[in-house]
>>> print(open('query_21.cif').read())   # mmCIF, C-alpha atoms
data_model
#
loop_
_atom_site.group_PDB
_atom_site.id
_atom_site.type_symbol
_atom_site.label_atom_id
_atom_site.label_comp_id
_atom_site.auth_asym_id
_atom_site.auth_seq_id
_atom_site.Cartn_x
_atom_site.Cartn_y
_atom_site.Cartn_z
ATOM 1 C CA ASN A 859 -3.478 18.099 -9.803
ATOM 2 C CA ALA A 860 -4.238 17.182 -6.224
ATOM 3 C CA GLY A 861 -3.375 13.701 -5.111
ATOM 4 C CA VAL A 862 -5.559 11.280 -3.214
ATOM 5 C CA MET A 863 -7.026 12.995 -0.180
ATOM 6 C CA GLN A 864 -8.153 11.341 2.997
ATOM 7 C CA ASN A 865 -9.836 12.819 6.012
ATOM 8 C CA PRO A 866 -9.639 12.950 8.825
ATOM 9 C CA ARG A 867 -5.924 12.221 9.170
ATOM 10 C CA HIS A 868 -6.425 11.150 12.765
ATOM 11 C CA LEU A 869 -9.605 9.832 14.322
ATOM 12 C CA VAL A 870 -10.224 8.840 17.921
ATOM 13 C CA ARG A 871 -13.277 6.836 18.864
ATOM 14 C CA ARG A 872 -14.473 5.060 21.965
ATOM 15 C CA ARG A 873 -15.475 1.435 21.819
ATOM 16 C CA GLY A 874 -18.953 1.054 20.382
ATOM 17 C CA GLN A 875 -18.909 4.286 18.369
ATOM 18 C CA GLU A 876 -18.926 4.568 14.603
ATOM 19 C CA ALA A 877 -15.959 5.622 12.491
ATOM 20 C CA ARG A 878 -16.337 7.193 9.050
ATOM 21 C CA LEU A 879 -13.268 7.542 6.876
ATOM 22 C CA ARG A 880 -13.363 9.534 3.663
ATOM 23 C CA CYS A 881 -11.329 9.255 0.522
ATOM 24 C CA SER A 882 -11.355 11.590 -2.456
ATOM 25 C CA PRO A 883 -9.578 9.971 -5.412
ATOM 26 C CA MET A 884 -7.315 11.767 -7.824
ATOM 27 C CA LYS A 885 -9.107 13.732 -10.488
ATOM 28 C CA GLY A 886 -10.261 11.436 -13.265
ATOM 29 C CA HIS A 887 -9.795 8.233 -11.255
ATOM 30 C CA SER A 888 -12.860 6.046 -10.973
ATOM 31 C CA HIS A 889 -11.317 3.108 -9.088
ATOM 32 C CA VAL A 890 -10.831 3.224 -5.322
ATOM 33 C CA TYR A 891 -9.161 0.720 -3.015
ATOM 34 C CA TRP A 892 -9.077 0.567 0.775
ATOM 35 C CA TYR A 893 -6.263 -1.037 2.774
ATOM 36 C CA ARG A 894 -5.600 -1.506 6.465
ATOM 37 C CA GLN A 895 -2.146 -1.399 8.032
ATOM 38 C CA LEU A 896 -1.544 -2.748 11.495
ATOM 39 C CA PRO A 897 1.632 -1.748 13.368
ATOM 40 C CA GLU A 898 4.773 -3.247 11.819
ATOM 41 C CA GLU A 899 2.801 -4.997 9.109
ATOM 42 C CA GLY A 900 2.244 -4.447 5.444
ATOM 43 C CA LEU A 901 -0.964 -3.209 3.935
ATOM 44 C CA LYS A 902 -3.848 -5.647 3.766
ATOM 45 C CA PHE A 903 -6.400 -5.224 0.998
ATOM 46 C CA MET A 904 -9.948 -4.635 2.161
ATOM 47 C CA VAL A 905 -12.181 -3.566 -0.711
ATOM 48 C CA TYR A 906 -12.113 -2.380 -4.309
ATOM 49 C CA LEU A 907 -14.821 -0.084 -5.625
ATOM 50 C CA GLN A 908 -15.764 1.656 -8.805
ATOM 51 C CA LYS A 909 -18.377 4.368 -8.963
ATOM 52 C CA GLU A 910 -21.519 3.002 -7.269
ATOM 53 C CA ASN A 911 -20.235 -0.576 -7.382
ATOM 54 C CA ILE A 912 -18.294 -2.867 -5.081
ATOM 55 C CA ILE A 913 -16.015 -4.938 -7.288
ATOM 56 C CA ASP A 914 -14.079 -6.985 -4.737
ATOM 57 C CA GLU A 915 -14.695 -7.017 -0.996
ATOM 58 C CA SER A 916 -12.811 -10.199 -0.239
ATOM 59 C CA GLY A 917 -10.675 -8.467 2.377
ATOM 60 C CA MET A 918 -13.485 -6.851 4.312
ATOM 61 C CA PRO A 919 -14.512 -8.255 7.687
ATOM 62 C CA LYS A 920 -17.969 -9.738 7.405
ATOM 63 C CA GLU A 921 -19.457 -7.640 10.150
ATOM 64 C CA ARG A 922 -19.383 -3.964 11.116
ATOM 65 C CA PHE A 923 -17.407 -2.829 8.047
ATOM 66 C CA SER A 924 -18.920 -1.344 4.914
ATOM 67 C CA ALA A 925 -17.732 0.803 2.035
ATOM 68 C CA GLU A 926 -19.318 2.874 -0.663
ATOM 69 C CA PHE A 927 -18.254 5.043 -3.566
ATOM 70 C CA PRO A 928 -21.266 7.086 -4.654
ATOM 71 C CA LYS A 929 -21.721 8.734 -7.995
ATOM 72 C CA GLU A 930 -20.976 12.072 -6.392
ATOM 73 C CA GLY A 931 -18.674 12.662 -3.471
ATOM 74 C CA PRO A 932 -15.901 10.758 -1.757
ATOM 75 C CA SER A 933 -15.613 7.078 -0.996
ATOM 76 C CA ILE A 934 -16.565 6.230 2.580
ATOM 77 C CA LEU A 935 -15.262 3.388 4.733
ATOM 78 C CA ARG A 936 -17.599 2.914 7.660
ATOM 79 C CA ILE A 937 -16.849 0.932 10.775
ATOM 80 C CA GLN A 938 -19.722 0.410 13.162
ATOM 81 C CA GLN A 939 -19.368 -0.378 16.851
ATOM 82 C CA VAL A 940 -15.592 -0.039 16.794
ATOM 83 C CA VAL A 941 -13.423 -2.260 18.980
ATOM 84 C CA ARG A 942 -9.808 -1.790 20.053
ATOM 85 C CA GLY A 943 -8.657 -4.233 17.391
ATOM 86 C CA ASP A 944 -9.868 -1.801 14.726
ATOM 87 C CA SER A 945 -7.090 0.613 15.688
ATOM 88 C CA ALA A 946 -4.908 0.873 12.608
ATOM 89 C CA ALA A 947 -3.948 3.092 9.715
ATOM 90 C CA TYR A 948 -6.434 2.959 6.867
ATOM 91 C CA PHE A 949 -5.164 3.858 3.421
ATOM 92 C CA CYS A 950 -7.082 4.662 0.321
ATOM 93 C CA ALA A 951 -5.681 4.394 -3.192
ATOM 94 C CA SER A 952 -7.130 5.357 -6.529
ATOM 95 C CA SER A 953 -6.356 4.481 -10.119
ATOM 96 C CA LEU A 954 -7.465 4.743 -13.662
ATOM 97 C CA GLU A 955 -8.890 1.502 -14.940
ATOM 98 C CA TYR A 956 -6.520 -1.394 -14.133
ATOM 99 C CA ASN A 957 -3.496 0.795 -13.662
ATOM 100 C CA GLU A 958 -1.036 2.067 -11.087
ATOM 101 C CA GLN A 959 -2.514 2.903 -7.711
ATOM 102 C CA PHE A 960 -1.803 6.227 -6.033
ATOM 103 C CA PHE A 961 -2.063 6.244 -2.271
ATOM 104 C CA GLY A 962 -3.434 8.821 0.095
ATOM 105 C CA PRO A 963 -1.743 9.827 3.369
ATOM 106 C CA GLY A 964 -3.987 7.560 5.449
ATOM 107 C CA THR A 965 -6.319 7.917 8.411
ATOM 108 C CA ARG A 966 -4.993 6.759 11.724
ATOM 109 C CA LEU A 967 -7.826 5.371 13.807
ATOM 110 C CA THR A 968 -7.401 4.976 17.540
ATOM 111 C CA VAL A 969 -10.069 3.208 19.518
ATOM 112 C CA LEU A 970 -10.031 3.924 23.239
ATOM 113 C CA ALA B 1014 -2.953 -16.655 -4.627
ATOM 114 C CA GLN B 1015 0.211 -14.612 -4.669
ATOM 115 C CA SER B 1016 2.398 -13.868 -1.652
ATOM 116 C CA VAL B 1017 5.468 -11.787 -0.852
ATOM 117 C CA THR B 1018 8.300 -12.366 1.592
ATOM 118 C CA GLN B 1019 10.627 -9.642 2.777
ATOM 119 C CA PRO B 1020 13.059 -11.573 4.941
ATOM 120 C CA ASP B 1021 14.721 -8.558 6.562
ATOM 121 C CA ILE B 1022 12.644 -6.654 9.094
ATOM 122 C CA HIS B 1023 15.357 -4.047 9.700
ATOM 123 C CA ILE B 1024 18.394 -3.046 7.652
ATOM 124 C CA THR B 1025 21.027 -0.620 8.899
ATOM 125 C CA VAL B 1026 23.495 1.036 6.539
ATOM 126 C CA SER B 1027 25.876 3.940 6.697
ATOM 127 C CA GLU B 1028 25.221 6.996 4.587
ATOM 128 C CA GLY B 1029 26.976 6.598 1.256
ATOM 129 C CA ALA B 1030 27.006 2.818 1.411
ATOM 130 C CA SER B 1031 25.223 0.620 -1.084
ATOM 131 C CA LEU B 1032 21.868 -0.935 -0.313
ATOM 132 C CA GLU B 1033 20.024 -4.092 -1.294
ATOM 133 C CA LEU B 1034 16.592 -4.970 0.069
ATOM 134 C CA ARG B 1035 15.381 -8.487 -0.580
ATOM 135 C CA CYS B 1036 12.008 -9.535 -1.883
ATOM 136 C CA ASN B 1037 10.786 -12.986 -2.863
ATOM 137 C CA TYR B 1038 7.373 -13.665 -4.306
ATOM 138 C CA SER B 1039 5.153 -16.617 -4.973
ATOM 139 C CA TYR B 1040 2.965 -16.589 -8.056
ATOM 140 C CA GLY B 1041 2.310 -19.121 -10.784
ATOM 141 C CA ALA B 1042 2.822 -16.877 -13.788
ATOM 142 C CA THR B 1043 4.791 -13.741 -14.517
ATOM 143 C CA PRO B 1044 3.655 -11.238 -11.917
ATOM 144 C CA TYR B 1045 3.446 -7.516 -11.716
ATOM 145 C CA LEU B 1046 6.000 -6.376 -9.115
ATOM 146 C CA PHE B 1047 6.312 -3.147 -7.189
ATOM 147 C CA TRP B 1048 8.426 -1.404 -4.603
ATOM 148 C CA TYR B 1049 6.884 1.294 -2.445
ATOM 149 C CA VAL B 1050 8.419 3.580 0.171
ATOM 150 C CA GLN B 1051 6.612 4.893 3.224
ATOM 151 C CA SER B 1052 7.986 7.693 5.375
ATOM 152 C CA PRO B 1053 6.742 7.924 8.971
ATOM 153 C CA GLY B 1054 3.142 9.054 9.137
ATOM 154 C CA GLN B 1055 2.795 9.145 5.370
ATOM 155 C CA GLY B 1056 1.186 7.137 2.624
ATOM 156 C CA LEU B 1057 2.988 4.920 0.159
ATOM 157 C CA GLN B 1058 4.935 6.247 -2.782
ATOM 158 C CA LEU B 1059 5.705 4.063 -5.762
ATOM 159 C CA LEU B 1060 9.452 3.732 -6.364
ATOM 160 C CA LEU B 1061 9.323 1.446 -9.385
ATOM 161 C CA LYS B 1062 7.362 -1.340 -11.025
ATOM 162 C CA TYR B 1063 7.917 -4.301 -13.315
ATOM 163 C CA PHE B 1064 5.314 -5.504 -15.775
ATOM 164 C CA SER B 1065 7.314 -7.053 -18.599
ATOM 165 C CA GLY B 1066 10.367 -6.511 -20.773
ATOM 166 C CA ASP B 1067 13.753 -5.492 -19.403
ATOM 167 C CA THR B 1068 14.273 -7.233 -16.078
ATOM 168 C CA LEU B 1069 16.329 -4.354 -14.665
ATOM 169 C CA VAL B 1070 13.949 -1.573 -13.747
ATOM 170 C CA GLN B 1071 14.945 1.987 -12.948
ATOM 171 C CA GLY B 1072 12.895 3.969 -10.494
ATOM 172 C CA ILE B 1073 12.798 7.307 -8.771
ATOM 173 C CA LYS B 1074 15.315 8.598 -6.215
ATOM 174 C CA GLY B 1075 18.139 6.546 -7.734
ATOM 175 C CA PHE B 1076 16.617 3.143 -6.967
ATOM 176 C CA GLU B 1077 16.604 0.129 -9.247
ATOM 177 C CA ALA B 1078 15.329 -3.434 -8.982
ATOM 178 C CA GLU B 1079 16.012 -6.610 -10.892
ATOM 179 C CA PHE B 1080 13.416 -9.264 -11.646
ATOM 180 C CA LYS B 1081 14.931 -12.746 -11.501
ATOM 181 C CA ARG B 1082 12.384 -15.325 -12.524
ATOM 182 C CA SER B 1083 14.603 -18.283 -11.625
ATOM 183 C CA GLN B 1084 14.909 -17.033 -8.059
ATOM 184 C CA SER B 1085 11.396 -15.566 -7.765
ATOM 185 C CA SER B 1086 13.033 -12.391 -6.554
ATOM 186 C CA PHE B 1087 12.726 -8.669 -7.106
ATOM 187 C CA ASN B 1088 15.461 -7.099 -4.982
ATOM 188 C CA LEU B 1089 15.720 -3.342 -4.611
ATOM 189 C CA ARG B 1090 19.124 -1.658 -4.875
ATOM 190 C CA LYS B 1091 20.697 1.739 -4.532
ATOM 191 C CA PRO B 1092 24.429 2.386 -5.029
ATOM 192 C CA SER B 1093 24.751 5.155 -2.428
ATOM 193 C CA VAL B 1094 22.239 5.714 0.359
ATOM 194 C CA HIS B 1095 21.306 9.162 1.629
ATOM 195 C CA TRP B 1096 20.040 9.907 5.133
ATOM 196 C CA SER B 1097 16.684 10.879 3.619
ATOM 197 C CA ASP B 1098 16.234 7.303 2.380
ATOM 198 C CA ALA B 1099 15.469 6.161 5.928
ATOM 199 C CA ALA B 1100 11.921 4.819 5.691
ATOM 200 C CA GLU B 1101 9.845 1.661 5.434
ATOM 201 C CA TYR B 1102 10.063 -0.194 2.128
ATOM 202 C CA PHE B 1103 7.363 -2.511 0.863
ATOM 203 C CA CYS B 1104 7.570 -5.020 -1.941
ATOM 204 C CA ALA B 1105 4.275 -5.992 -3.581
ATOM 205 C CA VAL B 1106 3.062 -8.460 -6.196
ATOM 206 C CA ALA B 1107 -0.099 -8.410 -8.285
ATOM 207 C CA ALA B 1108 -1.561 -11.007 -10.594
ATOM 208 C CA SER B 1109 -0.890 -10.221 -14.229
ATOM 209 C CA GLY B 1110 -4.142 -9.781 -16.101
ATOM 210 C CA GLY B 1111 -6.078 -9.496 -12.871
ATOM 211 C CA SER B 1112 -7.656 -6.596 -11.069
ATOM 212 C CA TYR B 1113 -4.269 -5.069 -10.283
ATOM 213 C CA ILE B 1114 -4.671 -5.384 -6.519
ATOM 214 C CA PRO B 1115 -1.224 -5.859 -4.999
ATOM 215 C CA THR B 1116 -0.343 -8.149 -2.123
ATOM 216 C CA PHE B 1117 2.201 -6.477 0.138
ATOM 217 C CA GLY B 1118 5.107 -7.844 2.092
ATOM 218 C CA ARG B 1119 5.417 -6.891 5.730
ATOM 219 C CA GLY B 1120 8.064 -4.307 4.960
ATOM 220 C CA THR B 1121 11.734 -3.623 5.661
ATOM 221 C CA SER B 1122 12.685 -0.712 7.858
ATOM 222 C CA LEU B 1123 15.800 1.067 6.591
ATOM 223 C CA ILE B 1124 17.957 2.858 9.147
ATOM 224 C CA VAL B 1125 20.699 5.129 7.857
ATOM 225 C CA HIS B 1126 23.649 6.016 10.070
ATOM 226 C CA PRO B 1127 25.599 9.223 9.421
#
>>> encode(input="query_21.cif", output="structure tokens")
Amino acid sequence: NAGVMQNPRHLVRRRGQEARLRCSPMKGHSHVYWYRQLPEEGLKFMVYLQKENIIDESGMPKERFSAEFPKEGPSILRIQQVVRGDSAAYFCASSLEYNEQFFGPGTRLTVL
Amino acid sequence: AQSVTQPDIHITVSEGASLELRCNYSYGATPYLFWYVQSPGQGLQLLLKYFSGDTLVQGIKGFEAEFKRSQSSFNLRKPSVHWSDAAEYFCAVAASGGSYIPTFGRGTSLIVHP
């Protein structure tokens, strides 16, 4: 049973470009969570999604960031017009309903 | 809202020595508590969790943690550290009966000397 998969593992973008981060949850998991980790800090919650629904986006910046979890395919975290402050590791986790979260290996975004 | 404090940014121990990593939380009711480990360049792996019941929780890799309500603490312990335990350790708290989204501490970096 494959774990949570994220791709790409490393992503480099120039300021103003778009970044798309993908997360495939564990088989059978319908809940997906996105977190951001800045250097030497813990993970900060961004958004919680179930299939085709955003349940909690209280941690998402109001502008430039969006997330989706379509009926088919992976969850996508999209960052438009990236700035240097967006450089971070972005982690996805998945779970069964209201249960333990399993984390992916993360995508490390570098904005030049 | 809940919060977590990990007062030690770095901890250095010798291989074979015992280990205790501190974690204090703030939450109005009985929380869900977690310890995760993160190796460099990797995601987080759950070491152990507390939901209810026995306050001494056993986890993987020989780790244990004790929930002390009176001290609002959930310290992680290991009797004998191995070099492979060098990593970043995160304590997390989630609201019981909520959406299970944990709030993480800033982490403690464990350095193991041979």
>>> interface_residues(input="query_21.cif", of="chain B", to="chain A", cutoff="6 Å", atoms="all atoms listed in the file", output="PyMOL selection string")
chain B and resi 1055-1057+1113+1117-1120
>>> atom_distance(input="query_21.cif", atom1="atom CA of B:Arg1082", atom2="atom CA of B:Gly1041")
10.9 Å
>>> atom_distance(input="query_21.cif", atom1="atom CA of A:Ala877", atom2="atom CA of A:Ile912")
19.7 Å
>>> resolve_selection(input="query_21.cif", expression="the PyMOL selection byres ((chain B and resi 1100) around 9)", output="PyMOL selection string")
chain B and resi 1050-1053+1097-1099+1101-1102+1121-1124
>>> residues_around(input="query_21.cif", residues="A:Glu910", least_positions_apart="6", cutoff="10 Å", atoms="all atoms listed in the file", output="list of chain:residue names")
A:Ser888, A:Glu926, A:Phe927, A:Pro928, A:Lys929, A:Glu930, A:Ser933
>>> atom_distance(input="query_21.cif", atom1="atom CA of B:Cys1036", atom2="atom CA of B:Val1070")
14.4 Å
